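Visitor: Sharing data34.cif, mmCIF, C-alpha atoms; chains and numbers go by the auth columns:
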data_start
loop_
_atom_site.group_PDB
_atom_site.id
_atom_site.type_symbol
_atom_site.label_atom_id
_atom_site.label_comp_id
_atom_site.label_asym_id
_atom_site.label_seq_id
_atom_site.Cartn_x
_atom_site.Cartn_y
_atom_site.Cartn_z
_atom_site.B_iso_or_equiv
_atom_site.auth_seq_id
_atom_site.auth_asym_id
ATOM 1 C CA TYR A 1 194.454 116.319 51.952 0.00 1 A
ATOM 2 C CA TRP A 2 197.362 117.864 53.826 0.00 2 A
ATOM 3 C CA ARG A 3 196.581 121.105 55.591 0.00 3 A
ATOM 4 C CA ASP A 4 198.920 123.280 57.618 0.00 4 A
ATOM 5 C CA TRP A 5 196.925 123.657 60.838 0.00 5 A
ATOM 6 C CA SER A 6 199.615 125.773 62.478 0.00 6 A
ATOM 7 C CA SER A 7 198.547 128.834 60.492 0.00 7 A
ATOM 8 C CA ASP A 8 195.010 128.461 61.881 0.00 8 A
ATOM 9 C CA VAL A 9 195.999 127.541 65.411 0.00 9 A
ATOM 10 C CA CYS A 10 198.687 130.219 65.757 0.00 10 A
ATOM 11 C CA SER A 11 196.527 133.145 64.786 0.00 11 A
ATOM 12 C CA SER A 12 195.262 134.560 68.080 0.00 12 A
ATOM 13 C CA ASP A 13 196.430 138.069 68.835 0.00 13 A
ATOM 14 C CA LEU A 14 197.140 139.574 72.206 0.00 14 A
ATOM 15 C CA PHE A 15 197.988 143.059 73.334 0.00 15 A
ATOM 16 C CA VAL A 16 200.563 143.689 76.054 0.00 16 A
ATOM 17 C CA SER A 17 200.076 146.967 77.891 0.00 17 A
ATOM 18 C CA SER A 18 202.493 148.501 80.397 0.00 18 A
ATOM 19 C CA THR A 19 205.079 151.172 80.768 0.00 19 A
ATOM 20 C CA VAL A 20 208.231 150.224 78.887 0.00 20 A
ATOM 21 C CA GLU A 21 211.129 151.596 80.945 0.00 21 A
ATOM 22 C CA ASP A 22 210.417 149.779 84.199 0.00 22 A
ATOM 23 C CA LEU A 23 208.992 146.571 82.697 0.00 23 A
ATOM 24 C CA GLU A 24 211.117 145.890 79.607 0.00 24 A
ATOM 25 C CA PRO A 25 212.292 142.387 80.705 0.00 25 A
ATOM 26 C CA GLU A 26 208.747 141.425 81.681 0.00 26 A
ATOM 27 C CA ARG A 27 207.329 142.619 78.353 0.00 27 A
ATOM 28 C CA SER A 28 209.941 140.604 76.496 0.00 28 A
ATOM 29 C CA LEU A 29 209.144 137.518 78.565 0.00 29 A
ATOM 30 C CA VAL A 30 205.395 137.829 77.894 0.00 30 A
ATOM 31 C CA LYS A 31 206.095 138.163 74.176 0.00 31 A
ATOM 32 C CA ASP A 32 208.321 135.078 74.122 0.00 32 A
ATOM 33 C CA VAL A 33 206.001 132.904 76.230 0.00 33 A
ATOM 34 C CA MET A 34 202.887 133.869 74.318 0.00 34 A
ATOM 35 C CA GLU A 35 204.557 133.281 70.961 0.00 35 A
ATOM 36 C CA GLU A 36 205.546 129.806 72.218 0.00 36 A
ATOM 37 C CA LEU A 37 201.825 129.306 72.856 0.00 37 A
ATOM 38 C CA CYS A 38 201.009 130.436 69.292 0.00 38 A
ATOM 39 C CA PHE A 39 199.794 133.937 70.111 0.00 39 A
ATOM 40 C CA SER A 40 200.929 136.862 68.034 0.00 40 A
ATOM 41 C CA ALA A 41 201.845 139.534 70.579 0.00 41 A
ATOM 42 C CA PHE A 42 201.464 143.263 69.883 0.00 42 A
ATOM 43 C CA ILE A 43 204.138 145.035 71.898 0.00 43 A
ATOM 44 C CA SER A 44 204.748 148.580 70.739 0.00 44 A
ATOM 45 C CA GLU A 45 208.558 148.533 70.827 0.00 45 A
ATOM 46 C CA TYR A 46 208.639 145.498 68.527 0.00 46 A
ATOM 47 C CA GLY A 47 206.401 147.113 65.898 0.00 47 A
ATOM 48 C CA SER A 48 207.340 148.466 62.508 0.00 48 A
ATOM 49 C CA ALA A 49 206.700 151.788 60.795 0.00 49 A
ATOM 50 C CA GLN A 50 203.007 152.593 60.335 0.00 50 A
ATOM 51 C CA ALA A 51 201.083 155.358 58.652 0.00 51 A
ATOM 52 C CA ARG A 52 198.910 155.751 61.774 0.00 52 A
ATOM 53 C CA SER A 53 199.806 157.605 64.953 0.00 53 A
ATOM 54 C CA PRO A 54 201.053 155.482 67.867 0.00 54 A
ATOM 55 C CA GLN A 55 197.762 156.182 69.658 0.00 55 A
ATOM 56 C CA ASP A 56 195.682 154.963 66.707 0.00 56 A
ATOM 57 C CA ALA A 57 197.957 151.954 66.167 0.00 57 A
ATOM 58 C CA CYS A 58 197.787 150.915 69.812 0.00 58 A
ATOM 59 C CA LEU A 59 194.042 151.379 70.202 0.00 59 A
ATOM 60 C CA GLY A 60 193.515 149.561 66.898 0.00 60 A
ATOM 61 C CA ALA A 61 195.649 146.675 68.126 0.00 61 A
ATOM 62 C CA VAL A 62 193.625 146.543 71.355 0.00 62 A
ATOM 63 C CA ALA A 63 190.436 146.320 69.271 0.00 63 A
ATOM 64 C CA ASP A 64 191.934 143.581 67.084 0.00 64 A
ATOM 65 C CA SER A 65 193.259 141.532 70.002 0.00 65 A
ATOM 66 C CA ASP A 66 191.752 138.365 71.433 0.00 66 A
ATOM 67 C CA LEU A 67 193.403 138.854 74.832 0.00 67 A
ATOM 68 C CA PHE A 68 194.677 141.887 76.760 0.00 68 A
ATOM 69 C CA ILE A 69 197.581 141.504 79.188 0.00 69 A
ATOM 70 C CA LEU A 70 198.281 144.374 81.579 0.00 70 A
ATOM 71 C CA LEU A 71 201.530 144.642 83.519 0.00 71 A
ATOM 72 C CA ILE A 72 201.646 147.086 86.434 0.00 72 A
ATOM 73 C CA GLY A 73 205.022 148.235 87.760 0.00 73 A
ATOM 74 C CA GLU A 74 206.604 151.317 89.289 0.00 74 A
ATOM 75 C CA ARG A 75 205.733 154.039 86.779 0.00 75 A
ATOM 76 C CA TYR A 76 202.406 155.529 85.732 0.00 76 A
ATOM 77 C CA GLY A 77 203.763 156.523 82.355 0.00 77 A
ATOM 78 C CA PHE A 78 203.054 159.020 79.610 0.00 78 A
ATOM 79 C CA VAL A 79 199.799 160.999 79.765 0.00 79 A
ATOM 80 C CA PRO A 80 198.600 161.939 76.257 0.00 80 A
ATOM 81 C CA ALA A 81 196.846 165.250 75.718 0.00 81 A
ATOM 82 C CA ASP A 82 193.072 165.363 75.420 0.00 82 A
ATOM 83 C CA ASP A 83 192.458 164.506 71.785 0.00 83 A
ATOM 84 C CA GLN A 84 188.768 165.516 71.670 0.00 84 A
ATOM 85 C CA SER A 85 187.857 162.249 69.946 0.00 85 A
ATOM 86 C CA GLU A 86 186.173 159.004 70.851 0.00 86 A
ATOM 87 C CA SER A 87 189.405 157.675 72.385 0.00 87 A
ATOM 88 C CA PRO A 88 189.713 157.157 76.140 0.00 88 A
ATOM 89 C CA TYR A 89 192.354 159.895 76.361 0.00 89 A
ATOM 90 C CA ASP A 90 191.206 163.003 78.169 0.00 90 A
ATOM 91 C CA GLY A 91 194.549 164.499 79.178 0.00 91 A
ATOM 92 C CA GLN A 92 194.228 162.903 82.632 0.00 92 A
ATOM 93 C CA ILE A 93 195.074 159.220 82.152 0.00 93 A
ATOM 94 C CA SER A 94 198.189 157.401 80.982 0.00 94 A
ATOM 95 C CA ALA A 95 198.507 155.610 77.663 0.00 95 A
ATOM 96 C CA THR A 96 198.464 152.317 79.565 0.00 96 A
ATOM 97 C CA GLN A 97 195.314 153.191 81.491 0.00 97 A
ATOM 98 C CA GLY A 98 193.620 154.304 78.256 0.00 98 A
ATOM 99 C CA GLU A 99 194.505 150.981 76.611 0.00 99 A
ATOM 100 C CA PHE A 100 193.002 149.176 79.609 0.00 100 A
ATOM 101 C CA PHE A 101 189.806 151.273 79.382 0.00 101 A
ATOM 102 C CA LYS A 102 189.538 150.431 75.665 0.00 102 A
ATOM 103 C CA ALA A 103 189.980 146.692 76.319 0.00 103 A
ATOM 104 C CA ARG A 104 187.383 146.808 79.100 0.00 104 A
ATOM 105 C CA GLU A 105 184.948 148.755 76.897 0.00 105 A
ATOM 106 C CA LEU A 106 185.336 146.093 74.189 0.00 106 A
ATOM 107 C CA ARG A 107 184.882 143.309 76.782 0.00 107 A
ATOM 108 C CA LYS A 108 188.212 141.673 75.981 0.00 108 A
ATOM 109 C CA PRO A 109 189.533 138.986 78.326 0.00 109 A
ATOM 110 C CA ILE A 110 191.997 140.861 80.547 0.00 110 A
ATOM 111 C CA LEU A 111 194.803 139.348 82.604 0.00 111 A
ATOM 112 C CA VAL A 112 196.547 141.660 85.074 0.00 112 A
ATOM 113 C CA PHE A 113 199.991 141.027 86.558 0.00 113 A
ATOM 114 C CA VAL A 114 201.339 143.370 89.239 0.00 114 A
ATOM 115 C CA LYS A 115 205.031 143.589 90.090 0.00 115 A
ATOM 116 C CA ASP A 116 205.746 143.799 93.818 0.00 116 A
ATOM 117 C CA VAL A 117 207.540 147.169 93.847 0.00 117 A
ATOM 118 C CA THR A 118 207.102 150.661 95.253 0.00 118 A
ATOM 119 C CA ARG A 119 204.823 152.577 92.892 0.00 119 A
ATOM 120 C CA ASP A 120 204.447 156.138 91.683 0.00 120 A
ATOM 121 C CA PRO A 121 201.323 157.533 93.469 0.00 121 A
ATOM 122 C CA ARG A 122 199.366 157.741 90.189 0.00 122 A
ATOM 123 C CA GLU A 123 200.264 154.136 89.350 0.00 123 A
ATOM 124 C CA GLN A 124 199.096 153.099 92.823 0.00 124 A
ATOM 125 C CA ALA A 125 195.816 154.952 92.260 0.00 125 A
ATOM 126 C CA PHE A 126 195.392 153.089 88.930 0.00 126 A
ATOM 127 C CA LEU A 127 196.043 149.788 90.727 0.00 127 A
ATOM 128 C CA ASP A 128 193.525 150.726 93.433 0.00 128 A
ATOM 129 C CA GLN A 129 190.977 151.423 90.704 0.00 129 A
ATOM 130 C CA LEU A 130 191.766 148.047 89.090 0.00 130 A
ATOM 131 C CA SER A 131 190.975 146.398 92.423 0.00 131 A
ATOM 132 C CA ASP A 132 187.532 147.985 92.710 0.00 132 A
ATOM 133 C CA PHE A 133 184.952 145.337 93.610 0.00 133 A
ATOM 134 C CA LEU A 134 182.335 146.329 91.041 0.00 134 A
ATOM 135 C CA ASP A 135 184.408 147.388 88.039 0.00 135 A
ATOM 136 C CA GLY A 136 187.811 145.934 88.882 0.00 136 A
ATOM 137 C CA ARG A 137 189.826 142.855 88.026 0.00 137 A
ATOM 138 C CA PHE A 138 191.536 140.131 89.966 0.00 138 A
ATOM 139 C CA TYR A 139 195.270 140.297 89.541 0.00 139 A
ATOM 140 C CA THR A 140 198.359 138.254 90.254 0.00 140 A
ATOM 141 C CA THR A 141 201.472 139.649 91.876 0.00 141 A
ATOM 142 C CA PHE A 142 205.038 138.678 90.987 0.00 142 A
ATOM 143 C CA THR A 143 208.521 139.625 92.134 0.00 143 A
ATOM 144 C CA SER A 144 210.726 138.328 89.312 0.00 144 A
ATOM 145 C CA VAL A 145 210.636 137.532 85.612 0.00 145 A
ATOM 146 C CA ALA A 146 210.902 133.808 86.432 0.00 146 A
ATOM 147 C CA GLU A 147 207.901 134.033 88.759 0.00 147 A
ATOM 148 C CA LEU A 148 205.940 135.988 86.133 0.00 148 A
ATOM 149 C CA ARG A 149 206.542 133.200 83.619 0.00 149 A
ATOM 150 C CA GLY A 150 204.929 130.598 85.875 0.00 150 A
ATOM 151 C CA LYS A 151 202.026 132.824 86.812 0.00 151 A
ATOM 152 C CA LEU A 152 201.425 133.793 83.171 0.00 152 A
ATOM 153 C CA LEU A 153 201.262 130.129 82.133 0.00 153 A
ATOM 154 C CA GLU A 154 198.897 129.383 85.027 0.00 154 A
ATOM 155 C CA ALA A 155 196.607 132.295 84.104 0.00 155 A
ATOM 156 C CA ILE A 156 196.502 131.271 80.432 0.00 156 A
ATOM 157 C CA SER A 157 195.682 127.700 81.447 0.00 157 A
ATOM 158 C CA ASN A 158 192.870 128.914 83.719 0.00 158 A
ATOM 159 C CA LEU A 159 191.532 131.181 80.968 0.00 159 A
ATOM 160 C CA LEU A 160 191.459 128.292 78.488 0.00 160 A
ATOM 161 C CA VAL A 161 189.592 126.084 80.986 0.00 161 A
ATOM 162 C CA ASP A 162 187.057 128.884 81.556 0.00 162 A
ATOM 163 C CA LEU A 163 186.579 129.370 77.811 0.00 163 A
ATOM 164 C CA VAL A 164 186.018 125.649 77.247 0.00 164 A
ATOM 165 C CA ARG A 165 183.559 125.398 80.126 0.00 165 A
ATOM 166 C CA HIS A 166 181.532 128.363 78.895 0.00 166 A
ATOM 167 C CA ASN A 167 181.527 127.432 75.197 0.00 167 A
ATOM 168 C CA TYR A 168 180.899 123.669 75.314 0.00 168 A
#
Take the structure in this file and express it as C-alpha cells.
Guide:
Amino acid sequence: YWRDWSSDVCSSDLFVSSTVEDLEPERSLVKDVMEELCFSAFISEYGSAQARSPQDACLGAVADSDLFILLIGERYGFVPADDQSESPYDGQISATQGEFFKARELRKPILVFVKDVTRDPREQAFLDQLSDFLDGRFYTTFTSVAELRGKLLEAISNLLVDLVRHNY
C-alpha cells in the first residue's frame, strides 16, 4: 500500500521566541530552515487571526511545541501587565522571557542563540539568568544570519543525536 510518509514526518512543531524588531531577519531564517527540515514553525508575525488573545495563543503554541528556539538580541521587549492567572506574566518580565519560562516549566527541549550585539540592560540580565549554572542553558552566539544558519543546523543535528542516544 502507498502511504504518504511526509505528512507523518513533517509534523513536528517548534516555537520561535524573540523580540521581533531587532531580530526579524533571524526569525525568518529560523522559520525557513526549520520548514526545510519538516518542522512547522510558530512565529507570531506569520500567524492568522485567532479568537484567543496573543498571550493565550503564544503560550498555547509553546505548550503544543516539540522544540523551543530562543533568540536573544538587543531588546528586552514588551512587558505584559500582571494578568493574575496561571501564566508566567507578573508585570515584571517580557513576553519572550515568559515564553521561555513556560517552555522550561513544560520541560521542552530549548535551543538558545545569542546575537553578538550590545544589549538593553534588562535583556542582558535575562541572558545572565539564562547562563545560570543550576537553572540555565548553554547557548550559541552568532554575528550574522549566515552564521546563525550553520549554528542552527549544527544544534538540530546535535539534538537529534542526543534524542536517538537516549531513546534507543
Visitor: Counting all atoms listed in the file, which residues of range 10-129 of chain A sit at most 7 Å from some atom of range 142-156 of chain A, and what is each one's closest atom pair with its distance in Å to one decimal, listed by chain and rising residue number, as a Markdown table?
Guide:
| residue | atom | partner | partner_atom | distance |
| --- | --- | --- | --- | --- |
| A:Glu26 | CA | A:Val145 | CA | 5.8 |
| A:Val114 | CA | A:Phe142 | CA | 6.2 |
| A:Lys115 | CA | A:Phe142 | CA | 5.0 |
| A:Asp116 | CA | A:Thr143 | CA | 5.3 |
Visitor: Could you pull the residues within 8 Å of Leu111 in chain A, counting all atoms listed in the file, minus those fewer than 5 positions along the same chain, as a list in words?
Guide: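 The residues that qualify are Leu67, Phe68, Ile69, Leu70, Tyr139 and Ala155 of chain A.
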Visitor: What would the file look like if the residues just selected were written as a short mmCIF file (atom, residue, chain, number, x, y, z; two decimals), keeping the file's coordinate frame with C-alpha atoms?
Guide:
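As written to disk, part_24.cif reads:
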data_model
loop_
_atom_site.label_atom_id
_atom_site.label_comp_id
_atom_site.auth_asym_id
_atom_site.auth_seq_id
_atom_site.Cartn_x
_atom_site.Cartn_y
_atom_site.Cartn_z
CA LEU A 67 193.40 138.85 74.83
CA PHE A 68 194.68 141.89 76.76
CA ILE A 69 197.58 141.50 79.19
CA LEU A 70 198.28 144.37 81.58
CA TYR A 139 195.27 140.30 89.54
CA ALA A 155 196.61 132.29 84.10
#
Visitor: So that I can check the surroundings of range 27-39 of chain A, please list as a PyMOL selection string every protein, DNA and RNA residue that reaches within 9 Å of it, counting all atoms listed in the file and ignoring chain neighbours fewer than 2 positions away.
Guide: chain A and resi 6+9-14+16-18+20+23-25+41-43+69+71+145-146+148-149+152-153
Visitor: Translate the PyMOL selection byres ((chain A and resi 106) around 12), as applied to the file shown, into an explicit residue set as a PyMOL selection string.
Guide: chain A and resi 59-68+99-105+107-110
Visitor: Restricting the calculation to all atoms listed in the file, which member of A:Leu160, A:Thr140, A:Glu74, A:Ser85 is positioned closest to Val112 in chain A?
Guide: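 Of all the options, A:Thr140 lies closest to Val112 in chain A.
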Visitor: Mind pulling up the distance from CA of Phe113 in chain A to CA of Gly91 in chain A?
Guide: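 Between these atoms lies a distance of 25.2 Å.
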Visitor: Step by step: start from the point (207.9, 152.5, 89.8) in the file's coordinates, keep every protein, DNA or RNA residue that has an atom no farther than 9 Å from it, count all atoms listed in the file, and write the set as a PyMOL selection string.
Guide: chain A and resi 22+72-76+117-120+123
Visitor: Which residue, A:Gln55, A:Ser44, A:Gln97, A:Gln92, has the smallest gap to Leu130 in chain A when you use only C-alpha atoms?
Guide: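 Comparing A:Gln55, A:Ser44, A:Gln97, A:Gln92 against Leu130 in chain A, the winner is A:Gln97.
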Visitor: Which one is closest to Arg122 in chain A: A:Pro54, A:Ser157, A:Gly77, A:Asp162? Count only C-alpha atoms.
Guide: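 The closest residue to Arg122 in chain A is A:Gly77.
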Visitor: One decimal, Å: what's the distance from CA of Thr141 in chain A over to CA of Asn167 in chain A, could you say?
Guide: 28.7 Å
Visitor: Name every residue that the PyMOL selection byres ((chain A and resi 81) around 10) selects in this structure, writing the answer as a PDB file with C-alpha atoms, keeping the file's coordinate frame with chains first and numbers rising.
Guide:
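What ended up in part.pdb:
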ATOM      1  CA  PHE A  78     203.054 159.020  79.610  1.00  0.00           C
ATOM      2  CA  VAL A  79     199.799 160.999  79.765  1.00  0.00           C
ATOM      3  CA  PRO A  80     198.600 161.939  76.257  1.00  0.00           C
ATOM      4  CA  ASP A  82     193.072 165.363  75.420  1.00  0.00           C
ATOM      5  CA  ASP A  83     192.458 164.506  71.785  1.00  0.00           C
ATOM      6  CA  GLN A  84     188.768 165.516  71.670  1.00  0.00           C
ATOM      7  CA  TYR A  89     192.354 159.895  76.361  1.00  0.00           C
ATOM      8  CA  ASP A  90     191.206 163.003  78.169  1.00  0.00           C
ATOM      9  CA  GLY A  91     194.549 164.499  79.178  1.00  0.00           C
ATOM     10  CA  GLN A  92     194.228 162.903  82.632  1.00  0.00           C
ATOM     11  CA  ILE A  93     195.074 159.220  82.152  1.00  0.00           C
ATOM     12  CA  SER A  94     198.189 157.401  80.982  1.00  0.00           C
ATOM     13  CA  ALA A  95     198.507 155.610  77.663  1.00  0.00           C
TER      14      ALA A  95
END
Visitor: Just the number, please: distance in Å from CA of Thr19 in chain A to CA of Pro121 in chain A, one decimal.
Guide: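 About the pair CA of Thr19 in chain A and CA of Pro121 in chain A: they are 14.7 Å apart.
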